[in-house]
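Read the structure below first, then the notes.
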4 protein chains.
Amino acid sequence: VQAVREPAQADQLLLLDASSDRLSSQQHAEIEAQRANTAITRRATVTSMEELLYAALPVLDHGFIRVIDYMGDDPAIVQAARVSYGAGTKQKRGDAGLINYLMRNRHTSPFEMCEIKLHVKLPIFVARQWVRHRAASLNEYSARYSILDREFYIPAPDALAKQATTNRQGRGEILEPEQAQRVLEMLRADAHQAYLRYEHLLGETATGAAVPDGIGLARELARMDLTLNVYTQWYWKVDLHNLLHFLKLRADPHAQYEIRAYANVLLQILKVWVPLAFEAFKQYRLDAYEISSKGLGVVRRLLAGGSVDAASSGMSAGEYRELMGVLGLSER
Amino acid sequence: VQAVREPAQADQLLLLDASSDRLSSQQHAEIEAQRANTAITRRATVTSMEELLYAALPVLDHGFIRVIDYMGDDPAIVQAARVSYGAGTKQKRGDAGLINYLMRNRHTSPFEMCEIKLHVKLPIFVARQWVRHRAASLNEYSARYSILDREFYIPAPDALAKQATTNRQGRGEILEPEQAQRVLEMLRADAHQAYLRYEHLLGETATGAAVPDGIGLARELARMDLTLNVYTQWYWKVDLHNLLHFLKLRADPHAQYEIRAYANVLLQILKVWVPLAFEAFKQYRLDAYEISSKGLGVVRRLLAGGSVDAASSGMSAGEYRELMGVLGLSER
Amino acid sequence: VQAVREPAQADQLLLLDASSDRLSSQQHAEIEAQRANTAITRRATVTSMEELLYAALPVLDHGFIRVIDYMGDDPAIVQAARVSYGAGTKQKRGDAGLINYLMRNRHTSPFEMCEIKLHVKLPIFVARQWVRHRAASLNEYSARYSILDREFYIPAPDALAKQATTNRQGRGEILEPEQAQRVLEMLRADAHQAYLRYEHLLGETATGAAVPDGIGLARELARMDLTLNVYTQWYWKVDLHNLLHFLKLRADPHAQYEIRAYANVLLQILKVWVPLAFEAFKQYRLDAYEISSKGLGVVRRLLAGGSVDAASSGMSAGEYRELMGVLGLSER
Amino acid sequence: VQAVREPAQADQLLLLDASSDRLSSQQHAEIEAQRANTAITRRATVTSMEELLYAALPVLDHGFIRVIDYMGDDPAIVQAARVSYGAGTKQKRGDAGLINYLMRNRHTSPFEMCEIKLHVKLPIFVARQWVRHRAASLNEYSARYSILDREFYIPAPDALAKQATTNRQGRGEILEPEQAQRVLEMLRADAHQAYLRYEHLLGETATGAAVPDGIGLARELARMDLTLNVYTQWYWKVDLHNLLHFLKLRADPHAQYEIRAYANVLLQILKVWVPLAFEAFKQYRLDAYEISSKGLGVVRRLLAGGSVDAASSGMSAGEYRELMGVLGLSER
């Protein structure tokens, strides 16, 4: 049984250039114009984030994340925690120590003092998961006012999998290559067909060309005939604390593959933006494990040389198995 | 030119009974079982809301709103405003007077002290507008975990309209009957086709029957082939202040017809639940008009016997036209 | 060295009756009138919560918590998680199992579907900590509009302690009895003196009596001369998810003694209201411990029979000490 | 009868320099060090905001507002509204026109795309009003961890007023000069006395000097003896939409004088930061008036040449008087 490949976690962020067809030449030109525009500022500035600004970082087959703006850096977290008159810390414990302390003890408010603004292109079914994170600001491209582009998500063959059998939510084994090809052809055909109908109902294409014999139906109505893998786009602005919460849930192996692909790129951006907060987040949140009070009892008994099994642990089978995995023990 | 019919604003709320096919017989039975279950309570109770509890109120062709629970009533607003030890008001100005005062002067926090919980069935494209209201709690039916029902929104013929020409967002004149029929047939065919494909990809129907030669694709993937008019459902819980904000925006003529249909039913529920707050909301919010400082200058000049026209008003053409309409004056 | 006594964690919630002087006889009468008022409801009802409704539960020397209203119960959490047409669960895994699952896997949204409304009397310095929890609704008694009562918090002698020396935040050893008495006399004298001045500035008492030679200063100004231990009161409404978050932080040993006294009473209310959620919260949150990735490494090494000390753990001294404590190991 | 002087609305923002004793020389030095630190950025930058950065803008007798950081500018609002790939607008209607349109039609989400971070020093009773605005991030100076400075708000003589008689909330006529002097002496003496006691209880001063015969009481306890006019300080970060909401309520004549003093400085900052949004806010919010449906009926009748009086208007006396004032009509 082959499992679905993990979403890419490139060490190096890829910036799309003009050779990519993911953006039109006009979009490339607008982005380049904005990148060329610099100013002098007294604000907290992260040199390596400046390199990323406005550039499109590819996600999935047609999506991207663009960093539009950011506020604050690692020292700004410290500055807010200290309610300081100057920058960063001047105490024995450096910025890293204080940031670790804040993360470990869930002093979350200083992390709210950093903010990031992104332009994201993503499939509608991913967008629907994304908006469940309410503590963020959002401007979505309006399909009442404008026409959506002819772009829809078609998974890579090794991301196509059967319904999981061990839990009722998620993917199990990967499809056989031939079956995968058939599924991809169906998805492609259906999305194309739906988009053609969309244009026919509109009587107009996304670039403004007339569609012969088209209906001229209101855009807010015509869109209902599109499939859920059509790409939408939005501006999304969130503070660092809420971004970390998003990443804890969406970079998790239980999250759907497609939103994890976005989360993984966001993790890379995080590392560039606030490297100390990123390390603290990995150490105390992302790669940490919350052990229940029964679980703590099990660990204490084992450390005292006692023996435990699933039945005597008082835990459910699933919990016990998960705990043994985390502790690096084969299940007893 | 015929305009789109307004969404229904029934004076009487319609409760679906067992003869309706909008709910399965098992769903009817579950609802009836819960309606039959009563208890004695000391909590603030609204007799006429008890009549509505759990019953499905139809919206659009397959949707509904069910009131699952409510907290507070008109006197509870007063009680919170006064931080009182008992119920309601004991002062000269009665509950209605104080509620009007609070609404007029935007003392919004006492309205947050009432809460309502709803079960809503709605098309996905409506759901996407709805969730933009972030100050509410939400549990949506999971299409990663479960299979969506074979239900999709097909507009009534007189709700089908061309793209508006006066503003770029919204509907203009209604389609000719024949053209409307052709559009409806397309929408129906496309949604059915997409749903058949969904079942084929799943290898299973919503009721658990196997689909011959089906794929068994993961549910979280198969759903991407559905169209945006498929119905989803959720539990939605919101406080009265945020519900009023939702209604101000979504019962407005500029809101999309389909979400207004839901807003109109919510207005009826509001009237049953908190009649004094409902009247205050109509008087000071829904049927009120915020006049800009330039607009106030125009009104003052007119009342002083002077004359004004669009040019001398300093307002944009659209603003001036709207103001004249509100003032009951033909445009000068 | 004697430590500060823990805030009371009574197994039995104490309901104030008319013999208590914490409420005026008129307040008692208003409360009794509301308790006498019952109705029949179809809503989810918790019989033992009905017993608590409106009654004052004492906290500190003059404070209280009163449950004014509640929405939902344990089955309502399950109902929302399932987006169900009826009540609770009908599956093999009962309500308790599903609630444990939701808590363990941080599926927090179903817990938002329960709501509670409280009337709280509390010292201003506690109120200032309390409002840092923003995801709640609040109506505070207005000292611009009304006159605050002559009530201020004076700690019990065994709650008076020196500044901690081990960490810079919190209390260390308890004061010697004589010193404690002197401090209490100072606090009492200062608060009384400040209140007398408040009345003089107002020219009026809280009960409306004129103060001879009083100034008649605006209430919004006169209050600035009061001390921070004066009691205020408010209506506070919060959903269960956010209440659990409040309790995780405020029932913690690092929280200030005075707010923990309120948190402990809230925990008792929780147990009455949603006993299954309460147990899950204790098991997976309150008595759980989040182990960092370095901490997991330490545990794995120990379980594999290896040895670790603070230096080789890669953890800070404080972290390592805390982990050893949690694991029931003397520090190595 | 003399009314309380309005809080200052300087056209020119005053930046404190090293000659001011509102900041210590060390604080001045830290601020200057941060102001001297510049970098090149691609981010949206507002030159005149850079001038303000980190400098203290005085408010009341000891308070200040310092702009610590900002994100976005007027074109960023347009960019988000258009979900654009480049900056600002390229359409016929320029940035100003679109920003006016968004403000007028309550399209609030693009305004959330700008963010500002402030360091504020303010009296505790003002801080208690301020935090009622929950949609913001906050880090307050901790009086559990640190010692508050010896600074308390003493009003200017012409800000001292009697309780209003026309409404129950707010200030009426100003105190006679001699009476004002007596009140100021009392406030000064009480605050000094309380602060002396605070130091005695702590056994230590804010600068770390030992207090002879001091108690060494925990800081979290000692603070309860301070008066409500003691200054606290915090970092506060908010988006533009929520800042406008704050200003609509707190720059209003019904807001307490002391918080209006802060709101007025914030309005000046707004004008420097986002001049187009500032003008739109004044035009459509701050200087606008929401007329109720009954009020609209009155205006329409008057414009049609009819006559109306309070009785026939259907409005309350207060509402009618207010409307007549807004319309520039003497009451009829």
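Residue numbering restarts at 1 for every chain of the structure tokens, chains are lettered A, B, ... in their displayed order, and ligands are numbered from 1 as they appear.
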
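Using only C-alpha atoms, the chain B residues found within 8 Å of chain D amount to Lys282, Gln283, Tyr284, Arg285, Asp287, Ala288, Tyr289, Glu290, Ile291, Ser292, Ser293, Lys294, Leu296, Val299, Arg300, Leu302, Leu303, Val326, Leu327 and Gly328 of chain B.
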
Output for the residues just chosen: N, CA and C atoms as a CSV table (one decimal), in the first residue's frame:
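Contents of again-v9.csv, as written:
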chain,number,residue,atom,x,y,z
B,282,LYS,N,-35.7,48.0,12.8
B,282,LYS,CA,-36.3,48.5,11.6
B,282,LYS,C,-36.3,50.0,11.6
B,283,GLN,N,-36.7,50.6,12.7
B,283,GLN,CA,-36.8,52.1,12.8
B,283,GLN,C,-35.4,52.8,12.7
B,284,TYR,N,-34.4,52.2,13.3
B,284,TYR,CA,-33.1,53.0,13.5
B,284,TYR,C,-32.0,52.4,12.6
B,285,ARG,N,-32.2,51.3,12.0
B,285,ARG,CA,-31.1,50.7,11.2
B,285,ARG,C,-31.6,50.3,9.8
B,287,ASP,N,-34.5,50.6,8.1
B,287,ASP,CA,-35.2,51.6,7.2
B,287,ASP,C,-34.7,53.0,7.5
B,288,ALA,N,-33.5,53.1,8.1
B,288,ALA,CA,-32.9,54.4,8.4
B,288,ALA,C,-32.0,54.7,7.2
B,289,TYR,N,-31.4,55.9,7.2
B,289,TYR,CA,-30.5,56.3,6.1
B,289,TYR,C,-29.5,57.2,6.7
B,290,GLU,N,-28.2,56.9,6.5
B,290,GLU,CA,-27.1,57.7,7.0
B,290,GLU,C,-26.8,58.8,5.9
B,291,ILE,N,-27.0,60.0,6.3
B,291,ILE,CA,-26.7,61.1,5.4
B,291,ILE,C,-25.3,61.7,5.7
B,292,SER,N,-24.6,61.8,4.6
B,292,SER,CA,-23.2,62.3,4.7
B,292,SER,C,-23.2,63.8,5.1
B,293,SER,N,-22.0,64.3,5.4
B,293,SER,CA,-22.0,65.7,5.8
B,293,SER,C,-22.4,66.6,4.6
B,294,LYS,N,-22.0,66.2,3.4
B,294,LYS,CA,-22.4,67.0,2.3
B,294,LYS,C,-23.9,66.9,2.1
B,296,LEU,N,-26.1,66.4,4.4
B,296,LEU,CA,-26.8,67.2,5.4
B,296,LEU,C,-26.8,68.7,5.0
B,299,VAL,N,-29.7,69.1,2.5
B,299,VAL,CA,-31.0,69.1,3.1
B,299,VAL,C,-31.2,70.4,3.8
B,300,ARG,N,-30.2,70.9,4.5
B,300,ARG,CA,-30.3,72.2,5.2
B,300,ARG,C,-30.6,73.3,4.2
B,302,LEU,N,-32.0,73.1,1.3
B,302,LEU,CA,-33.4,72.9,0.8
B,302,LEU,C,-34.4,73.3,1.8
B,303,LEU,N,-34.2,73.0,3.1
B,303,LEU,CA,-35.2,73.4,4.1
B,303,LEU,C,-35.2,74.9,4.4
B,326,VAL,N,-34.2,59.1,-1.5
B,326,VAL,CA,-34.6,58.9,-0.1
B,326,VAL,C,-35.4,60.1,0.4
B,327,LEU,N,-35.2,61.3,-0.1
B,327,LEU,CA,-35.9,62.5,0.4
B,327,LEU,C,-37.3,62.6,-0.3
B,328,GLY,N,-37.6,61.7,-1.2
B,328,GLY,CA,-38.8,61.7,-1.9
B,328,GLY,C,-38.9,62.8,-2.9

DSSP helix (DSSP H, G or I) residues within region 200-261 of chain C, as a ChimeraX atom specification: /C:200-202,219-225,240-250,257-261

Export of prior selection with C-alpha atoms as a PDB file, in the first residue's frame:
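Now in part.pdb:
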ATOM      1  CA  HIS C 200     -17.470  64.013  49.155  1.00  0.00           C
ATOM      2  CA  LEU C 201     -16.551  64.727  45.540  1.00  0.00           C
ATOM      3  CA  LEU C 202     -19.889  63.331  44.348  1.00  0.00           C
ATOM      4  CA  ARG C 219     -19.267  60.829  38.424  1.00  0.00           C
ATOM      5  CA  GLU C 220     -16.905  60.028  35.572  1.00  0.00           C
ATOM      6  CA  LEU C 221     -14.324  62.259  37.305  1.00  0.00           C
ATOM      7  CA  ALA C 222     -14.932  61.427  40.960  1.00  0.00           C
ATOM      8  CA  ARG C 223     -14.274  57.730  40.394  1.00  0.00           C
ATOM      9  CA  MET C 224     -10.646  58.378  39.513  1.00  0.00           C
ATOM     10  CA  ASP C 225      -9.924  58.819  43.208  1.00  0.00           C
ATOM     11  CA  LEU C 240     -17.993  27.046  26.241  1.00  0.00           C
ATOM     12  CA  HIS C 241     -14.862  26.901  24.088  1.00  0.00           C
ATOM     13  CA  ASN C 242     -13.748  30.341  25.184  1.00  0.00           C
ATOM     14  CA  LEU C 243     -14.722  29.621  28.776  1.00  0.00           C
ATOM     15  CA  LEU C 244     -12.441  26.564  28.732  1.00  0.00           C
ATOM     16  CA  HIS C 245      -9.635  28.729  27.367  1.00  0.00           C
ATOM     17  CA  PHE C 246     -10.258  31.234  30.171  1.00  0.00           C
ATOM     18  CA  LEU C 247     -10.150  28.434  32.736  1.00  0.00           C
ATOM     19  CA  LYS C 248      -6.989  26.865  31.314  1.00  0.00           C
ATOM     20  CA  LEU C 249      -5.225  30.185  31.899  1.00  0.00           C
ATOM     21  CA  ARG C 250      -6.997  31.442  35.019  1.00  0.00           C
ATOM     22  CA  TYR C 257      -4.831  34.081  43.485  1.00  0.00           C
ATOM     23  CA  GLU C 258      -7.827  36.423  43.256  1.00  0.00           C
ATOM     24  CA  ILE C 259      -8.850  35.547  39.692  1.00  0.00           C
ATOM     25  CA  ARG C 260      -8.251  31.860  40.454  1.00  0.00           C
ATOM     26  CA  ALA C 261     -10.878  32.146  43.165  1.00  0.00           C
TER      27      ALA C 261
END

All strand (DSSP E) positions in region 12-244 of chain C, as an MDAnalysis selection string: chainID C and resid 39:41 56:59 63:71 115:123 137:140 161:163 171:174 231:239

Since we have the selection now, will you write its residues out, keeping N, CA and C atoms, as a CSV table (one decimal), in the first residue's frame?
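Result file part-v3.csv:
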chain,number,residue,atom,x,y,z
C,39,ALA,N,-41.2,28.4,33.4
C,39,ALA,CA,-41.9,28.2,32.1
C,39,ALA,C,-41.6,26.8,31.6
C,40,ILE,N,-42.4,26.4,30.6
C,40,ILE,CA,-42.1,25.1,29.9
C,40,ILE,C,-41.3,25.4,28.6
C,41,THR,N,-40.3,24.6,28.4
C,41,THR,CA,-39.5,24.9,27.2
C,41,THR,C,-39.2,23.6,26.5
C,56,ALA,N,-26.7,33.7,44.0
C,56,ALA,CA,-25.3,34.2,44.1
C,56,ALA,C,-24.4,33.2,44.7
C,57,LEU,N,-23.3,32.9,44.0
C,57,LEU,CA,-22.3,32.0,44.6
C,57,LEU,C,-21.1,32.9,45.0
C,58,PRO,N,-20.8,32.9,46.3
C,58,PRO,CA,-19.8,33.8,46.9
C,58,PRO,C,-18.4,33.5,46.4
C,59,VAL,N,-17.7,34.6,46.1
C,59,VAL,CA,-16.3,34.6,45.8
C,59,VAL,C,-15.5,35.7,46.5
C,63,GLY,N,-17.4,39.5,46.6
C,63,GLY,CA,-17.8,39.2,45.2
C,63,GLY,C,-18.8,38.0,45.1
C,64,PHE,N,-19.3,37.8,43.9
C,64,PHE,CA,-20.1,36.6,43.6
C,64,PHE,C,-20.1,36.3,42.1
C,65,ILE,N,-20.6,35.2,41.8
C,65,ILE,CA,-21.0,34.8,40.4
C,65,ILE,C,-22.4,34.3,40.4
C,66,ARG,N,-23.2,34.8,39.5
C,66,ARG,CA,-24.6,34.4,39.4
C,66,ARG,C,-24.8,33.9,38.0
C,67,VAL,N,-25.3,32.6,37.8
C,67,VAL,CA,-25.6,32.1,36.5
C,67,VAL,C,-27.0,32.7,36.1
C,68,ILE,N,-27.0,33.5,35.0
C,68,ILE,CA,-28.2,34.2,34.5
C,68,ILE,C,-28.9,33.4,33.5
C,69,ASP,N,-28.1,32.7,32.6
C,69,ASP,CA,-28.7,31.9,31.6
C,69,ASP,C,-27.7,31.0,31.0
C,70,TYR,N,-28.1,29.9,30.3
C,70,TYR,CA,-27.2,29.0,29.7
C,70,TYR,C,-27.9,28.5,28.4
C,71,MET,N,-27.1,28.1,27.4
C,71,MET,CA,-27.6,27.5,26.2
C,71,MET,C,-26.9,26.2,26.0
C,115,GLU,N,-23.3,28.1,25.5
C,115,GLU,CA,-23.1,29.5,25.9
C,115,GLU,C,-23.6,29.7,27.3
C,116,ILE,N,-22.9,30.5,28.0
C,116,ILE,CA,-23.4,30.8,29.4
C,116,ILE,C,-23.3,32.3,29.7
C,117,LYS,N,-24.2,32.8,30.5
C,117,LYS,CA,-24.3,34.2,30.8
C,117,LYS,C,-24.2,34.3,32.3
C,118,LEU,N,-23.3,35.2,32.8
C,118,LEU,CA,-23.1,35.3,34.2
C,118,LEU,C,-23.2,36.8,34.7
C,119,HIS,N,-23.6,36.9,35.9
C,119,HIS,CA,-23.5,38.2,36.6
C,119,HIS,C,-22.4,38.1,37.6
C,120,VAL,N,-21.3,38.9,37.5
C,120,VAL,CA,-20.2,38.8,38.3
C,120,VAL,C,-19.9,40.1,39.1
C,121,LYS,N,-19.6,39.9,40.4
C,121,LYS,CA,-19.1,41.1,41.2
C,121,LYS,C,-17.6,40.8,41.5
C,122,LEU,N,-16.8,41.7,41.2
C,122,LEU,CA,-15.3,41.4,41.3
C,122,LEU,C,-14.5,42.7,41.5
C,123,PRO,N,-13.3,42.7,42.1
C,123,PRO,CA,-12.5,43.9,42.3
C,123,PRO,C,-12.0,44.4,40.9
C,137,SER,N,-18.9,38.6,25.6
C,137,SER,CA,-19.7,39.8,25.6
C,137,SER,C,-19.8,40.3,27.0
C,138,LEU,N,-19.9,41.6,27.1
C,138,LEU,CA,-19.7,42.3,28.4
C,138,LEU,C,-20.6,43.5,28.6
C,139,ASN,N,-21.3,43.6,29.7
C,139,ASN,CA,-21.9,44.9,30.1
C,139,ASN,C,-21.5,45.2,31.5
C,140,GLU,N,-20.7,46.2,31.6
C,140,GLU,CA,-20.2,46.6,33.0
C,140,GLU,C,-21.1,47.7,33.5
C,161,ALA,N,1.2,37.8,50.8
C,161,ALA,CA,2.5,37.2,50.6
C,161,ALA,C,3.5,38.2,50.1
C,162,LYS,N,4.7,37.9,50.3
C,162,LYS,CA,5.8,38.7,49.7
C,162,LYS,C,6.0,38.5,48.2
C,163,GLN,N,6.6,39.4,47.6
C,163,GLN,CA,7.0,39.2,46.2
C,163,GLN,C,7.8,37.9,46.1
C,171,ARG,N,3.6,35.5,44.0
C,171,ARG,CA,3.7,35.6,45.4
C,171,ARG,C,4.7,34.6,45.9
C,172,GLY,N,5.4,34.9,46.9
C,172,GLY,CA,6.3,34.0,47.6
C,172,GLY,C,5.8,33.6,48.9
C,173,GLU,N,6.6,33.7,49.9
C,173,GLU,CA,6.2,33.3,51.3
C,173,GLU,C,5.2,34.2,51.9
C,174,ILE,N,4.3,33.7,52.7
C,174,ILE,CA,3.2,34.4,53.3
C,174,ILE,C,3.8,35.3,54.4
C,231,TYR,N,-15.0,47.1,44.3
C,231,TYR,CA,-15.7,46.1,43.5
C,231,TYR,C,-16.5,46.8,42.4
C,232,THR,N,-16.5,46.2,41.2
C,232,THR,CA,-17.4,46.5,40.1
C,232,THR,C,-18.2,45.3,39.8
C,233,GLN,N,-19.1,45.4,38.8
C,233,GLN,CA,-19.9,44.2,38.5
C,233,GLN,C,-20.2,44.3,37.0
C,234,TRP,N,-20.5,43.1,36.4
C,234,TRP,CA,-20.9,43.1,35.0
C,234,TRP,C,-21.6,41.8,34.7
C,235,TYR,N,-22.3,41.9,33.5
C,235,TYR,CA,-22.8,40.7,32.9
C,235,TYR,C,-21.8,40.3,31.9
C,236,TRP,N,-21.5,39.0,31.9
C,236,TRP,CA,-20.5,38.4,31.0
C,236,TRP,C,-21.0,37.2,30.4
C,237,LYS,N,-21.0,37.1,29.1
C,237,LYS,CA,-21.5,36.0,28.3
C,237,LYS,C,-20.4,35.4,27.4
C,238,VAL,N,-20.3,34.1,27.4
C,238,VAL,CA,-19.1,33.5,26.7
C,238,VAL,C,-19.6,32.1,26.3
C,239,ASP,N,-18.9,31.7,25.2
C,239,ASP,CA,-19.3,30.3,24.8
C,239,ASP,C,-18.3,29.3,25.5

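With CA of Gln169 (chain C) on one side and CA of Ala156 (chain C) on the other, the separation reads 20.2 Å.
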
Ile147 (chain C) surroundings by only C-alpha atoms, 8 Å radius, close-in-sequence under 3 positions cut, as a PDB file with N, CA and C atoms, in the first residue's frame:
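result23.pdb, freshly written:
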ATOM      1  N   ALA C 143     -19.754  53.546  35.954  1.00  0.00           N
ATOM      2  CA  ALA C 143     -19.442  54.537  36.989  1.00  0.00           C
ATOM      3  C   ALA C 143     -19.456  55.956  36.421  1.00  0.00           C
ATOM      4  N   ARG C 144     -19.823  56.096  35.139  1.00  0.00           N
ATOM      5  CA  ARG C 144     -20.109  57.431  34.609  1.00  0.00           C
ATOM      6  C   ARG C 144     -21.552  57.784  34.931  1.00  0.00           C
ATOM      7  N   THR C 205     -24.377  59.880  48.140  1.00  0.00           N
ATOM      8  CA  THR C 205     -23.975  58.493  48.411  1.00  0.00           C
ATOM      9  C   THR C 205     -24.616  57.557  47.391  1.00  0.00           C
ATOM     10  N   ALA C 206     -24.172  56.303  47.432  1.00  0.00           N
ATOM     11  CA  ALA C 206     -24.688  55.310  46.481  1.00  0.00           C
ATOM     12  C   ALA C 206     -26.193  55.115  46.631  1.00  0.00           C
ATOM     13  N   ARG C 219     -19.609  62.182  37.967  1.00  0.00           N
ATOM     14  CA  ARG C 219     -19.267  60.829  38.424  1.00  0.00           C
ATOM     15  C   ARG C 219     -18.064  60.266  37.687  1.00  0.00           C
TER      16      ARG C 219
END

Shell of 6 Å around region 76-88 of chain C, only C-alpha atoms, local chain residues under 5 positions omitted, as a PyMOL selection string: (chain B and resi 27+30-31+141) or (chain C and resi 110-111)

Store the residues of this selection in a file with all heavy atoms, as a short mmCIF file (atom, residue, chain, number, x, y, z; two decimals), in the first residue's frame.
data_model
loop_
_atom_site.label_atom_id
_atom_site.label_comp_id
_atom_site.auth_asym_id
_atom_site.auth_seq_id
_atom_site.Cartn_x
_atom_site.Cartn_y
_atom_site.Cartn_z
N GLN B 27 -35.67 12.07 9.25
CA GLN B 27 -35.38 13.42 9.76
C GLN B 27 -36.62 14.01 10.42
O GLN B 27 -36.54 14.61 11.49
CB GLN B 27 -34.87 14.30 8.62
CG GLN B 27 -33.45 13.92 8.18
CD GLN B 27 -33.06 14.46 6.82
OE1 GLN B 27 -33.90 15.00 6.09
NE2 GLN B 27 -31.79 14.30 6.46
N GLU B 30 -36.99 12.45 13.81
CA GLU B 30 -36.03 12.98 14.80
C GLU B 30 -36.45 14.36 15.29
O GLU B 30 -36.35 14.67 16.47
CB GLU B 30 -34.63 13.05 14.19
CG GLU B 30 -33.98 11.70 13.95
CD GLU B 30 -32.53 11.82 13.52
OE1 GLU B 30 -31.81 12.69 14.05
OE2 GLU B 30 -32.11 11.05 12.63
N ILE B 31 -36.92 15.17 14.36
CA ILE B 31 -37.36 16.52 14.73
C ILE B 31 -38.57 16.44 15.65
O ILE B 31 -38.64 17.13 16.68
CB ILE B 31 -37.68 17.33 13.45
CG1 ILE B 31 -36.38 17.65 12.71
CG2 ILE B 31 -38.46 18.59 13.79
CD1 ILE B 31 -36.58 18.27 11.34
N TYR B 141 -21.42 20.53 7.96
CA TYR B 141 -21.44 19.13 7.54
C TYR B 141 -20.16 18.86 6.75
O TYR B 141 -19.84 19.59 5.82
CB TYR B 141 -22.67 18.95 6.66
CG TYR B 141 -22.98 17.53 6.26
CD1 TYR B 141 -23.66 16.68 7.12
CD2 TYR B 141 -22.63 17.06 5.00
CE1 TYR B 141 -23.97 15.38 6.75
CE2 TYR B 141 -22.94 15.76 4.62
CZ TYR B 141 -23.61 14.93 5.50
OH TYR B 141 -23.92 13.65 5.12
N PRO C 110 -17.49 22.59 18.00
CA PRO C 110 -18.73 22.14 18.66
C PRO C 110 -18.87 22.69 20.09
O PRO C 110 -19.99 22.87 20.57
CB PRO C 110 -18.61 20.62 18.66
CG PRO C 110 -17.69 20.30 17.53
CD PRO C 110 -16.71 21.43 17.51
N PHE C 111 -17.74 22.97 20.75
CA PHE C 111 -17.83 23.52 22.11
C PHE C 111 -18.31 24.97 22.09
O PHE C 111 -18.81 25.47 23.09
CB PHE C 111 -16.48 23.40 22.82
CG PHE C 111 -16.05 21.97 23.05
CD1 PHE C 111 -15.14 21.36 22.21
CD2 PHE C 111 -16.61 21.23 24.08
CE1 PHE C 111 -14.77 20.02 22.40
CE2 PHE C 111 -16.24 19.90 24.29
CZ PHE C 111 -15.32 19.30 23.45
#
